[in-house]
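*Asks:* The structure follows.
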2 protein chains.
Amino acid sequence: MATIKDVAQRAGLGVGTVSRVLNGSGYVSDEARQRVLDAVRDLNYVPNAQARALMTRRTMTLGVALPDLTNPYFPRLVRGIEDEAQRHGYTVILLETDWQPANERRAIDILRRQSVDGAILVDVTLSDLLTNILIAANTPVVLIGRGAERQDVPQITVNNYKGATEAMQWMFSKGHRRIGFLAGPEHAVSAKQRLRAYLDFMGWEAVLVDDWEKHPELPIAQADYSFERGREATEQLLQKYPDLTCIFGVNDMAALGALAYLAAQSISVPDTLAVIGFDDVLMASLVHPPLTTMHQPVYDMGVAGARLLIERIKNAECEGQRLVFDPVLVVRQSC
Amino acid sequence: MATIKDVAQRAGLGVGTVSRVLNGSGYVSDEARQRVLDAVRDLNYVPNAQARALMTRRTMTLGVALPDLTNPYFPRLVRGIEDEAQRHGYTVILLETDWQPANERRAIDILRRQSVDGAILVDVTLSDLLTNILIAANTPVVLIGRGAERQDVPQITVNNYKGATEAMQWMFSKGHRRIGFLAGPEHAVSAKQRLRAYLDFMGWEAVLVDDWEKHPELPIAQADYSFERGREATEQLLQKYPDLTCIFGVNDMAALGALAYLAAQSISVPDTLAVIGFDDVLMASLVHPPLTTMHQPVYDMGVAGARLLIERIKNAECEGQRLVFDPVLVVRQSC
DNA sequence: ATGAAAGCGCTAACAA
DNA sequence: TTGTTAGCGCTTTCAT
């Protein structure tokens, strides 16, 4: 690989001048500039990011830790982050944690080693711990989804409680009273908040979100955030509560799983049983019947997250903003 | 951030000794080792990857360029790559190109700048050009999906022609004779190979895969690789050819789109119209009716790709292996 | 407007 | 067995 020295030599100039041309800093005569540019082209020169980072103490990379690219929710978020990052000249380093705390720790170590200029932690379990580690290492952090105790770190969340309550209101307005719930994974706060809203609306304020399994009388089944488990959970739910008129999926994947089960059983939706989801992933609008759901502006959340982080990098003083997005009801045909 | 100097100071040793401990190279007394380890822990020290890369001329990163994480096919592939990379201590840098040549060029520049130790190019349009650029820059390359002319670069492909032929044989054996095809994007060779198999099997050997649009008499419609377009294409197809008994989707997303359209129209699958796909993404097994499709071992392809690349990095001399995976028919209920 | 030189944090070669 | 030192490729003073 050609180095800046090779370029300087070929251009018949010093490395300082070459550097100035490449970075647009300082004075350079037009002639020198042209000679440098020609040499760069001839040698197919690309500056070495490592060497540059060592000097400037900036890598121009952003680290993103997220649970699982396999869940269609996250790629959209990533797109938002990447698009905004690119606009500002940053490269994104993606790390999947698979919801495993051990992987989350590993991810943070990698980000530190790579000295990313900033990090976005999406739905991480160990948010408090990881945030502290990064801040201690002087790395700006933005949290998406799951928040942290510290008030000085920017966070982007969705008003899950409000969204789920709106969903409940909609079901109620459609006449549903016996509503079942497909619950999310234990580690996900978003899932708990939605469950809380469900419980409250149903008049079960006394039940704690972590304790629902101790209340077998409640029409709730564990679906995690997956299609497959949503499907199984629906089957269990209907076995125990055949008189439900509506099912509220903690997210679209679970609700889509429900839809699949119902189709397989030839149970008509929404006539015999209505279904509502949460997220509004692309697939939701495409299945049959199209899924009524609470839309989350995922792409925009990604953009906002990257923007917040980059601001933070440029100005460490700005305070820990919190952005809360409201989900909006998208009425389609499943409920 | 603490540097190796801080660690040395705290341990009361020289930086050389610290480096030796950290890298497990050379002789170090047990006592010194312990002192270093303690200091590392106390200072929460993490070695700087940039500085190390500058010295060792290896970044321990792999670059992966792929079209679109939003398509469920790719995240599985990424998982395979990441898992294998991690086993060998490599970090993966992911770049999405959105099928855009311009983005592909940008991606290669980024990979060069970051001096990744190797690159995996997945279904890139400019495979020949990009491969040449990287090889010229002395960066080992592995291609997945779309191949290149050069014989010296390892490639991983799927035998699309054979797979599609098998699919056709299956449809034929089920009694189908009037079979429609949902075609893929023009830039994807995989899509063309499947189309070629379809045309050949149907006895239209004379039609060129790039020219099918000039033959309005053929029951083919453009679906790209997407659910949405698959849906639209199915509608168009059935309007023109109401007597089709079977539809062959160029990939699962297109076939899934077809299934959604048919469900919306209350056309029963597979009785009135059978559907078959290609890829076997997770969703295929979960919808109703479960999709009959040609399974691709995507995860394993990712693993194999990473493995090939890492071998290549360690031993630049090994020749350009080609791995061809055979898709296998998974009979479910849609055909 | 340009060149020379110091130094970013690390590894590796050499000396002790 | 350990410490010292010379760079890796780059940016950034400081002279000129």
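Chain lettering (A, B, ...) mirrors the order of the structure tokens, residue numbering begins at 1 for each chain separately, and ligand numbering begins at 1 in order of display.
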Can you check which parts of chain D lie within 6 Å of chain A? Per residue, the shortest pair of atoms and distance in Å to one decimal, counting only C-alpha atoms (C1' of nucleotides), sorted by chain and number, as CSV.
*Replies:*
```
residue,atom,partner,partner_atom,distance
D:DG9,C1',A:Ala51,CA,5.0
D:DC10,C1',A:Ala51,CA,4.9
D:DT11,C1',A:Met55,CA,5.8
```
*Asks:* Residues at most 12 Å from segment 36-39 of chain B, counting only C-alpha atoms (C1' of nucleotides), excluding those fewer than 4 positions away in the same chain, as a count of residues only?
*Replies:* 30
*Asks:* Please produce, as a Markdown table, a per-residue contact table for chain C versus chain A (criterion: any atom at most 7 Å away, only C-alpha atoms (C1' of nucleotides) considered), showing the nearest atom pair and its distance in Å to one decimal, sorted by chain then residue number.
*Replies:*
```
| residue | atom | partner | partner_atom | distance |
| --- | --- | --- | --- | --- |
| C:DA1 | C1' | A:Val28 | CA | 6.0 |
| C:DT2 | C1' | A:Thr17 | CA | 6.7 |
| C:DG3 | C1' | A:Gly14 | CA | 5.8 |
| C:DC8 | C1' | A:Met55 | CA | 4.8 |
```
*Asks:* One number please: atom CA of Gly118 of chain B to atom CA of Phe325 of chain B, in Å, one decimal.
*Replies:*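 So the answer is 22.3 Å.
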*Asks:* With 8 Å as the limit and counting only C-alpha atoms, what residues in chain B lie close to chain A? Please list them as a short mmCIF file (atom, residue, chain, number, x, y, z; two decimals) with C-alpha atoms, in the first residue's frame.
*Replies:*
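Saved result, part.cif, follows:
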```cif
data_model
loop_
_atom_site.label_atom_id
_atom_site.label_comp_id
_atom_site.auth_asym_id
_atom_site.auth_seq_id
_atom_site.Cartn_x
_atom_site.Cartn_y
_atom_site.Cartn_z
CA MET B 1 -7.59 6.47 28.51
CA VAL B 46 -7.62 -1.91 26.99
CA PRO B 47 -4.95 -1.90 24.27
CA ASN B 48 -5.46 0.58 21.48
CA ALA B 49 -6.30 -1.29 18.30
CA GLN B 50 -5.09 1.50 16.00
CA ALA B 51 -1.63 1.65 17.49
CA ALA B 53 -2.49 -2.29 13.87
CA LEU B 54 0.09 0.24 12.85
CA LEU B 69 -29.96 -6.22 5.97
CA THR B 70 -33.65 -5.64 5.59
CA PRO B 72 -34.06 -11.70 6.04
CA PRO B 75 -28.82 -11.40 8.59
CA ARG B 76 -28.53 -15.19 8.75
CA THR B 91 -14.15 -8.11 14.36
CA VAL B 92 -16.53 -7.63 11.47
CA ILE B 93 -17.21 -4.33 9.76
CA LEU B 94 -20.54 -4.45 7.93
CA ASP B 109 -12.87 2.70 -0.11
CA ILE B 110 -13.91 2.48 3.50
CA ARG B 112 -9.27 0.06 2.30
CA ARG B 113 -9.02 3.04 4.59
CA GLN B 114 -9.79 0.87 7.59
CA SER B 115 -7.26 -1.60 6.22
CA ALA B 137 -4.35 -3.38 -2.49
CA ASN B 138 -3.22 -6.76 -1.26
CA PHE B 227 -42.50 -9.27 -0.67
CA GLU B 228 -44.31 -6.25 -1.93
CA GLY B 257 -45.91 -11.96 -1.36
CA ALA B 260 -50.39 -12.95 0.79
CA TYR B 261 -52.11 -11.91 -2.41
CA ALA B 263 -54.99 -15.26 0.76
CA ALA B 264 -56.45 -11.80 0.26
CA LEU B 286 -44.22 -20.20 9.66
CA VAL B 287 -46.79 -18.71 7.33
CA HIS B 288 -49.96 -20.43 6.39
CA PRO B 289 -49.83 -22.58 4.43
#
```
*Asks:* Write out as a VMD selection string the set of residues from segment 71-110 of chain A that DSSP, computed on the backbone, places in strand (DSSP E).
*Replies:* chain A and resid 91 to 96
*Asks:* Which is closer to Ala304 of chain A than all the others in A:Thr61, A:Thr292, A:Gln193, A:Thr157, using only C-alpha atoms?
*Replies:*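 Among the listed residues, A:Thr157 lies closest to Ala304 of chain A.
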*Asks:* Give me the residues within 8 Å of segment 120-125 of chain B as a list in words, counting only C-alpha atoms (C1' of nucleotides) and dropping any in the same chain fewer than 2 places off.
*Replies:*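 The filter keeps Leu62, Gly63, Val64, Ala65, Leu66, Pro67, Trp99, Gln100, Pro101, Glu104, Gly118, Ser127, Val141, Val142, Leu143, Ile144, Gly145, Arg146, Gly147, His187, Ala188, Gly305, Ala306 and Leu309 of chain B.
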*Asks:* Skipping near chain neighbours, those fewer than 4 positions away, what residues fall within 9 Å of segment 13-15 of chain C using only C-alpha atoms (C1' of nucleotides), listed as a list in words?
*Replies:*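 The contact residues come out as DG3, DT4, DT5 and DA6 of chain D.
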*Asks:* Please produce a file of those selected residues containing all heavy atoms, as a short mmCIF file (atom, residue, chain, number, x, y, z; two decimals), in the first residue's frame.
*Replies:*
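What landed in part.cif:
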```
data_model
loop_
_atom_site.label_atom_id
_atom_site.label_comp_id
_atom_site.auth_asym_id
_atom_site.auth_seq_id
_atom_site.Cartn_x
_atom_site.Cartn_y
_atom_site.Cartn_z
P DG D 3 11.52 -4.09 33.38
OP1 DG D 3 11.36 -3.33 34.64
OP2 DG D 3 10.35 -4.44 32.56
"O5'" DG D 3 12.57 -3.29 32.47
"C5'" DG D 3 13.82 -2.96 33.02
"C4'" DG D 3 14.64 -2.14 32.02
"O4'" DG D 3 14.90 -2.97 30.86
"C3'" DG D 3 13.93 -0.89 31.52
"O3'" DG D 3 14.90 0.15 31.43
"C2'" DG D 3 13.43 -1.30 30.13
"C1'" DG D 3 14.45 -2.33 29.68
N9 DG D 3 13.91 -3.38 28.83
C8 DG D 3 12.80 -4.16 29.07
N7 DG D 3 12.58 -5.05 28.14
C5 DG D 3 13.60 -4.85 27.22
C6 DG D 3 13.88 -5.52 25.99
O6 DG D 3 13.26 -6.45 25.48
N1 DG D 3 15.01 -4.99 25.37
C2 DG D 3 15.77 -3.98 25.87
N2 DG D 3 16.82 -3.62 25.12
N3 DG D 3 15.54 -3.34 27.01
C4 DG D 3 14.44 -3.84 27.63
P DT D 4 14.52 1.55 30.88
OP1 DT D 4 15.36 2.55 31.56
OP2 DT D 4 13.04 1.64 30.89
"O5'" DT D 4 15.03 1.43 29.37
"C5'" DT D 4 16.36 0.96 29.13
"C4'" DT D 4 16.71 1.21 27.67
"O4'" DT D 4 16.20 0.12 26.85
"C3'" DT D 4 16.16 2.50 27.06
"O3'" DT D 4 17.15 3.03 26.22
"C2'" DT D 4 14.94 2.01 26.30
"C1'" DT D 4 15.40 0.64 25.80
N1 DT D 4 14.35 -0.37 25.54
C2 DT D 4 14.45 -1.16 24.40
O2 DT D 4 15.35 -1.06 23.59
N3 DT D 4 13.45 -2.09 24.27
C4 DT D 4 12.38 -2.30 25.11
O4 DT D 4 11.55 -3.16 24.88
C5 DT D 4 12.33 -1.45 26.27
C7 DT D 4 11.23 -1.59 27.26
C6 DT D 4 13.31 -0.52 26.43
P DT D 5 16.95 4.39 25.48
OP1 DT D 5 18.28 5.00 25.37
OP2 DT D 5 15.83 5.10 26.11
"O5'" DT D 5 16.51 3.89 24.05
"C5'" DT D 5 17.39 3.04 23.31
"C4'" DT D 5 16.77 2.71 21.96
"O4'" DT D 5 15.72 1.73 22.12
"C3'" DT D 5 16.13 3.91 21.26
"O3'" DT D 5 16.39 3.78 19.88
"C2'" DT D 5 14.64 3.70 21.54
"C1'" DT D 5 14.57 2.18 21.44
N1 DT D 5 13.39 1.53 22.04
C2 DT D 5 12.90 0.38 21.46
O2 DT D 5 13.38 -0.12 20.48
N3 DT D 5 11.81 -0.16 22.10
C4 DT D 5 11.17 0.33 23.22
O4 DT D 5 10.21 -0.24 23.70
C5 DT D 5 11.73 1.54 23.78
C7 DT D 5 11.13 2.15 25.00
C6 DT D 5 12.81 2.09 23.18
P DA D 6 16.45 5.05 19.00
OP1 DA D 6 17.87 5.50 18.99
OP2 DA D 6 15.38 5.97 19.41
"O5'" DA D 6 16.12 4.45 17.55
"C5'" DA D 6 16.60 3.15 17.20
"C4'" DA D 6 15.57 2.46 16.30
"O4'" DA D 6 14.48 1.94 17.10
"C3'" DA D 6 14.93 3.40 15.27
"O3'" DA D 6 14.75 2.66 14.08
"C2'" DA D 6 13.59 3.76 15.91
"C1'" DA D 6 13.26 2.46 16.61
N9 DA D 6 12.36 2.60 17.76
C8 DA D 6 12.36 3.59 18.70
N7 DA D 6 11.43 3.42 19.64
C5 DA D 6 10.81 2.23 19.27
C6 DA D 6 9.75 1.52 19.84
N6 DA D 6 9.13 1.89 20.95
N1 DA D 6 9.37 0.37 19.22
C2 DA D 6 10.01 0.00 18.11
N3 DA D 6 11.02 0.60 17.47
C4 DA D 6 11.38 1.73 18.12
#
```
*Asks:* Enumerate, as a PyMOL selection string, the complete set of residues in segment 109-298 of chain A that a backbone-based DSSP assignment places in helix (DSSP H, G or I).
*Replies:* chain A and resi 109-113+127-136+160-173+189-202+209-214+227-240+252-264+282-286+298
*Asks:* Applying 12 Å and only C-alpha atoms (C1' of nucleotides), which residues near Leu218 of chain A remain after dropping the ones on its own chain fewer than 5 positions away? List them as an NGL selection string.
*Replies:* :A and (178-183 or 195 or 198-199 or 202-204 or 207 or 209 or 211-213 or 237 or 240-241 or 244)
